[in-house]
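Enquirer: The structure under discussion is supplied below as structure tokens; questions concerning it will follow.
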Amino acid sequence: MPSFFKRKKPKKSSDNHPSQSFDSSLTANLDIIKQKTGNSPDVITRTLKVGTNPEIKIALVYVDGIVDGQSINDFLIEAIMEKHDLGDLLIQQEAFEIMAEGVVTIGSVKPVRDWDELFSSLMSGETIVLIDGINGALSADTKGGEQRSIQEPSTQMSILGPQGGFTESIGTNTAMVRRIIKNPNLWVETMKIGKVTNTDVAIMYVNGIANDKIIEEMRKRLKRIDTDSILESGYIEQLIQDQTATTFPTTYQAERPDIVAGNLLEGRIAVFVDGTPFVLLAPAVFIQFFQSVDDYYTRFDIATFLRLLRTLILIISLFAPALYIAATTFHQEMIPTQLLIVIAAQREIVPFPAFVEALIMEVTFEILREAGVRLPKAVGSAVSIVGALVIGQAAVQAGIVSPAMVIIVAITAIASFATPAFSMGISIRLIRFGFMTAAATFGFYGIVLGGIMLVVHLCSLRSFGVPYMSPLAPLIPANMKDTVVRYPWWAFKERPRLIASDENLIRQGEDQQPAPPSDRGMVNSRTEKGDRNEP
Amino acid sequence: MEKAKISAYQLFVLIVLFEIGSALLVPLAIEAKQDAWLAILLGMTGGFFIFFMYHRLYLYYPDCLPTTYVQKIIGKFCGRILAFLYMIYFLYLAARVLRDFGEVLAVIAYPVTPITLNHAFLVLVVIYTVRKGIEVLARTGELFFVLIYLLAISGFILLLVSGLIDLNNLKPMLEEGLSPVIKVAFTQSLFFPFGEAVVFAMILPYLNNPKKAKIIGLSALGLSGINLAISMTVNIGVLGVSQVLRTQFPLLSTIQMIQLAEFLERLDIFFMLAVIVLGFFKISLFFYAAVIGTADLFHIKKPSQLAFPIGFVLLFLSIIIASNIMEHFREGLQIVPVYLHLPFQIILPLLLLIIAFFKNRKKRGQGKPST
């Protein structure tokens with residue numbers, strides 16, 4: 001046995017040999033590339049001959065589809081072919097420097113040191129330049145290919161504000177944020193995560209506003225990730241969150257550049273992942289998931305009304321079925337008599353206890369919703385018709401559920417759609433079933449105990465060290481201006497204290513409150529004296 | 001001792017929730033009849049002095065739990081025994097409060113459900129909370145503080161609007177002179193609820209700003225005293241003295257009187273909400289003190305490990321301390337104040353304070369020449 005392993009070892013190191021250095025022969029290098037990529041037909045090798053005496057072969061290697069063919073033609077092939085004295089120049093050992101400085105007319109060109117680097121740049125859409133007789137390689141940035149154009153976001157809709165959403169390309173996404181925050185302090189750090197997928201991941205923050213400790217923590221957590229693939233930002237989210245035993249999202253997923261920009265300016269850090277339009281924002285707090293971008297674009301009184309409405313929505317979507325169960329099963333006395341008689345008359349023909357009734361309806365609705373997401377668009381409307389009939393009329397007429405229950409389920413369903421953040425909405429949907437069970441076993445007492453437990457759980461969560469319920473608990477009066485109420489913009493003196501850097505908390509100057517001009521004369525100069533009620 | 005810090009505001013909130021706790025339920029100081037509010041306020045001033053005692057002890061040893069500094073004051077052996085007795089005292093009080101709430105629930109909503117089951121679920125929530133630590137409890141307190149006050153204010157407004165409060169029920173003031181009021185104040189309302197704040201001796205070391213301990217403690221006791229006095233005044237104003245004397249839970253009866261606009265009636269459920277939340281905090285704080293103190297006493301590194309076993313003791317203790325509700329209340333009114341509250345709240349802290357005072361004076365005396 002030992003001899004078996006001993007023989008194997010040297011062979012293994014010879015396998016690794018190519019990753020150390022390049023061969024000086026072009027054909028040998030191209031063979032290695034072909035062998036490594038398994039002769040895949042989309043890895044294209046283009047060999048050019050330059051000069052006459054001596055004739056030198058130059059090879060361009062790229063992957064079809066992820067490169068920009070136009071720029072390869074214009075700036076690589078043509079540039080090389082048109083340089084007639086190239087052959088003489090390339091005999092020297094600094095051939096690649098000459099190529100990079102004098103021949104290739106593409107924005108970003110860099111020398112490649114080893115095979116690993118060569119393959120990683122080849123696979124991310126760069127073109128590799130190899131020269132016969134010279135031990136080395138050059139990579140030119142020709143990333144391109146088909147991409148989805150910028151469209152409206154599909155999950156985070158808003159009436160006001162910019163309408164562009166992120167796309168699948170990380171470069172486009174970071175650029176969209178850069179277009180909003182035009183400041184050199186907007187810093188981006190990139191890294192590759194995933195041993196097989198080599199996914200580009202970028203963290204973005206505003207230097208000086210973001211808290212250095214949180215940035216460091218973010219770097220540490222991202223570097224810790226050791227997995228084969230990152231296919232979506234949800235992978236990253238689950239690998240970097242503080243606490244795993246929770247249904248609540250502890251990072252915020254944004255699909256709009258204005259949300260990311262607004263959060264960066266509050267001191268948060270954005271994590272862009274290539275291949276997904278969803279950008280992670282951390283640290284996230286609970287109240288954030290009930291705020292929408294519209295709130296900041298409308299006037300404060302309307303925004304405050306909408307936020308209070310969303311608080312009500314939260315309460316309804318969590319408690320409505322549970323309260324109905326508790327009231328009809330345990331606490332009939334808390335329902336006003338008239339209403340009680342109506343409900344009792346309706347429930348008389350229903351063969352199930354309220355809990356089973358509620359469970360049937362809630363589960364039916366969840367199935368309908370799931371089906372609505374999966375079904376092709378053409379069939380989608382059929383489902384909603386069937387759903388309306390099944391949930392609405394047939395179930396009541398068949399005597400399986402009471403009409404009151406239908407109303408409760410409908411209100412709950414609409415309320416849970418109205419939660420601005422999808423990840424929070426789905427978590428509330430899940431917890432609702434827990435409350436229904438608690439209500440069925442212990443009535444109102446069960447609901448209150450469940451509520452206490454939920455609040456305790458929420459208070460115990462942290463997102464990158466920031467308490468999840470801040471600024472409500474721990475109470476930070478200065479940051480209460482942007483929670484369930486929203487103060488007018490001129491009152492937002494400070495960034496969130498627990499999130500932003502301590503040195504840069506003040507976000508606007510004093511006396512930002514607008515006022516009418518003190519001189520009334522500027523309003524309408526053509527009126528007579530005395531017309532304008534001047535003192 | 002857990003590695004945690006709470007802010008001054010959080011301590012304030014916890015003290016208020018704790019003090020209002022079960023005192024809101026029972027006819028507090030009703031033996032003083034219509035002067036109950038006065039007896040409560042007098043008891044509150046007495047509570048200030050009890051608070052001063054352990055606040056002074058806290059100032060001598062700001063960084064360690066009472067279970068540790070008791071050993072420093074009266075020696076390792078006696079100190080440990082005393083600390084252990086305190087832990088049992090806290091656990092017993094937690095069980096008493098738990099029983100109070102179990103009985104309330106049985107009376108107002110769950111006459112058929114076994115009381116053990118009701119207790120078990122509350123204890124589970126308490127264990128879950130205590131395992132998360134004092135910081136989480138404090139943050140939870142901040143949120144529920146707002147809820148409780150919203151409920152209290154809306155209840156008060158509803159009572160005012162429906163015109164139920166008849167202040168004539170509070171007359172005549174001091175019908176039999178001041179002495180019965182003083183007697184009630186210093187035999188009942190001093191110990192319950194104000195003296196029970198002795199449990200905060202276990203919480204004070206977590207305060208992030210020790211200088212604020214005094215003002216926070218006094219203002220929180222003051223606020224809760226005033227709130228309790230208001231609640232008792234409203235009870236008597238709505239129900240009259242004789243009915244308050246006869247009812248077990250006067251606030252519940254008061255809230256049941258509300259009938260407004262044909263649908264704002266039978267609001268017992270909001271009373272129940274407040275009662276469960278407040279009870280939860282009172283039990284959690286007693287239980288937390290018992291768990292953290294036991295862990296400190298027996299050098300257990302992770303106090304949260306103790307939450308489950310002690311939680312089960314709490315559950316069974318709450319069932320076996322009395323065979324029925326009358327026995328439970330009788331013990332609470334006649335035996336506990338004299339044999340438990342008096343020594344643990346006043347006599348023992350006072351003795352400790354005196355010993356600590358002389359010890360620390362000696363130390364300071366030794367320290368002086370060198371400076």
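So you can find residues: chains in the structure tokens are A, B, ... in the order shown, residues in each start at 1, and ligands are numbered from 1 in order.
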Per residue of chain B within 6 Å of chain A, what are the shortest atom pair and its distance in Å to one decimal, counting only C-alpha atoms, with rows by chain and residue number, as a Markdown table?

Expert:
```
| residue | atom | partner | partner_atom | distance |
| --- | --- | --- | --- | --- |
| B:Val136 | CA | A:Ser460 | CA | 5.3 |
| B:Arg139 | CA | A:Ala473 | CA | 4.9 |
| B:Thr140 | CA | A:Val456 | CA | 5.7 |
| B:Glu142 | CA | A:Ala473 | CA | 5.9 |
| B:Arg266 | CA | A:Met334 | CA | 5.6 |
```

Enquirer: Just the selected residues (N, CA and C atoms), exported as a tab-separated table (two decimals), in the first residue's frame, please.

Expert:
```tsv
chain	number	residue	atom	x	y	z
B	136	VAL	N	-31.53	40.92	25.93
B	136	VAL	CA	-32.73	40.66	25.15
B	136	VAL	C	-33.97	40.96	25.97
B	139	ARG	N	-34.41	44.68	25.98
B	139	ARG	CA	-34.91	45.22	24.71
B	139	ARG	C	-36.38	44.89	24.52
B	140	THR	N	-36.75	43.66	24.90
B	140	THR	CA	-38.16	43.28	24.82
B	140	THR	C	-38.99	44.22	25.71
B	142	GLU	N	-38.40	47.28	26.42
B	142	GLU	CA	-38.60	48.58	25.78
B	142	GLU	C	-39.80	48.58	24.85
B	266	ARG	N	-66.89	44.83	26.84
B	266	ARG	CA	-66.23	43.55	27.15
B	266	ARG	C	-64.77	43.56	26.72
```

Enquirer: Which residues are near segment 213-226 of chain A? Cut-off 12 Å, only C-alpha atoms, ignore same chain within fewer than 2 positions. Put them as an NGL selection string.

Expert: :A and (187-198 or 200-211 or 228-230 or 233 or 235-242 or 251 or 264 or 267-273 or 280-284 or 463-466 or 498-502)

Enquirer: Do you know which residues are at most 12 Å from Ala8 of chain B counting only C-alpha atoms, after dropping those on the same chain fewer than 5 positions away, and could you put them as a ChimeraX atom specification?

Expert: /A:474-475 /B:13-15,138-139,142,203-217,219-220

Enquirer: Smallest atom-to-atom distance to Gly262 of chain A: which of A:Asp294, A:Glu78, A:Asp212, A:Glu232, using only C-alpha atoms?

Expert: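 For Gly262 of chain A, the nearest of the candidates is A:Asp294.
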
Enquirer: I'd like the interatomic distance between atom CA of Val50 of chain A and atom CA of Val63 of chain A, to a tenth of an Å.

Expert: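 Atom CA of Val63 of chain A lies at a distance of 23.0 Å from atom CA of Val50 of chain A.
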
Enquirer: At a cut-off of 9 Å, using only C-alpha atoms, what residues contact Thr364 of chain A? Leave out same-chain residues fewer than 4 positions from it and give the result as an MDAnalysis selection string.

Expert: chainID A and resid 359:360 368:369 387 390:391

Enquirer: Neighbouring residues of segment 298-310 of chain A were defined as those with any atom within 12 Å, considering only C-alpha atoms; residues of the same chain fewer than 5 positions away were excluded. Please report them as a ChimeraX atom specification.

Expert: /A:158-161,287-293,315-317,414-421,425,481-492

Enquirer: Mind dumping the selected residues with C-alpha atoms as a short mmCIF file (atom, residue, chain, number, x, y, z; two decimals), in the first residue's frame?

Expert:
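As written to disk, part11.cif reads:
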```cif
data_model
loop_
_atom_site.label_atom_id
_atom_site.label_comp_id
_atom_site.auth_asym_id
_atom_site.auth_seq_id
_atom_site.Cartn_x
_atom_site.Cartn_y
_atom_site.Cartn_z
CA SER A 158 -42.77 51.98 -6.77
CA ILE A 159 -44.93 54.72 -8.18
CA LEU A 160 -42.44 57.52 -7.80
CA GLY A 161 -38.72 57.60 -8.36
CA ILE A 287 -38.23 48.18 10.51
CA GLN A 288 -36.41 48.51 7.20
CA PHE A 289 -38.45 45.72 5.67
CA PHE A 290 -41.61 47.75 6.12
CA GLN A 291 -40.26 50.83 4.41
CA SER A 292 -40.51 51.45 0.73
CA VAL A 293 -38.60 53.87 -1.48
CA ILE A 315 -50.62 42.98 12.59
CA ILE A 316 -53.40 41.76 10.29
CA SER A 317 -51.25 39.37 8.32
CA ILE A 414 -54.14 40.91 0.71
CA ALA A 415 -52.29 42.17 3.78
CA SER A 416 -49.43 39.78 3.25
CA PHE A 417 -49.11 40.90 -0.37
CA ALA A 418 -48.82 44.46 0.80
CA THR A 419 -45.64 43.88 2.80
CA PRO A 420 -42.98 45.72 0.77
CA ALA A 421 -40.20 43.14 1.21
CA GLY A 425 -43.67 38.69 3.82
CA LYS A 481 -37.49 59.88 12.92
CA ASP A 482 -37.29 57.21 10.26
CA THR A 483 -39.21 54.25 11.65
CA VAL A 484 -42.97 53.78 11.83
CA VAL A 485 -43.20 57.50 11.29
CA ARG A 486 -41.15 59.48 8.83
CA TYR A 487 -40.16 63.01 9.65
CA PRO A 488 -39.73 65.53 6.84
CA TRP A 489 -36.37 65.44 5.12
CA TRP A 490 -35.23 68.66 6.75
CA ALA A 491 -35.43 66.95 10.12
CA PHE A 492 -33.14 64.04 9.22
#
```

Enquirer: Mind listing the strand (DSSP E or B) residues of segment 41-266 of chain B, per DSSP on the backbone, as a list of chain:residue names?

Expert: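 Selecting the strand (DSSP E or B) positions of segment 41-266 of chain B gives B:Leu207, B:Gln259, B:Leu260, B:Leu264, B:Glu265.
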
Enquirer: Measure the distance from atom CA of Leu267 of chain B to atom CA of Asp100 of chain B in Å and round it to one decimal.

Expert: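 For atom CA of Leu267 of chain B relative to atom CA of Asp100 of chain B, the distance reads 20.7 Å.
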
Enquirer: Please identify all polymer residues within 7 Å of segment 65-69 of chain B, counting only C-alpha atoms, omitting same-chain residues fewer than 6 positions from it, and present them as a JSON list (two decimals) with C-alpha atoms, in the first residue's frame.

Expert:
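Okay, part-v4.json is ready:
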```
[["chain", "number", "residue", "atom", "x", "y", "z"],
["B", 83, "ALA", "CA", -26.70, 33.94, 48.72],
["B", 201, "ALA", "CA", -29.68, 44.31, 43.14],
["B", 202, "MET", "CA", -28.97, 41.40, 40.79],
["B", 205, "PRO", "CA", -24.22, 45.45, 37.98],
["B", 293, "GLY", "CA", -27.26, 34.01, 40.92],
["B", 296, "ASP", "CA", -22.54, 32.70, 39.89],
["B", 297, "LEU", "CA", -22.71, 30.84, 43.18]]
```

Enquirer: Excluding same-chain residues fewer than 4 positions from Ile343 of chain A, what lies within 12 Å of it counting only C-alpha atoms, as a list in words?

Expert: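 In the requested form, the answer reads Tyr324, Ile325, Ala327, Thr328, Thr329, Gln332, Ile335, Pro336, Thr337, Gln338, Leu339, Arg347, Glu348, Ile349, Val350, Ala354, Val401, Ser402, Pro403, Ala404, Met405 and Ile407 of chain A.
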
Enquirer: Atom CA of Leu285 of chain B and atom CA of Lys302 of chain B, how far apart in Å?

Expert: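 Atom CA of Leu285 of chain B lies 17.8 Å from atom CA of Lys302 of chain B.
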
Enquirer: Restricting the calculation to only C-alpha atoms: of B:Ser189, B:Ser304, B:Gln256, B:Thr294, which residue gets closest to Gly47 of chain B?

Expert: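 Looking only at the distances to Gly47 of chain B, the closest residue turns out to be B:Ser189.
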
Enquirer: Would you list, as a PyMOL selection string, the residues of segment 106-281 of chain B that end up in helix (DSSP H, G or I) under DSSP run on this structure's backbone?

Expert: chain B and resi 106-108+115-132+134-161+167-170+179-201+204-206+210-239+241-246+250-256+268-281
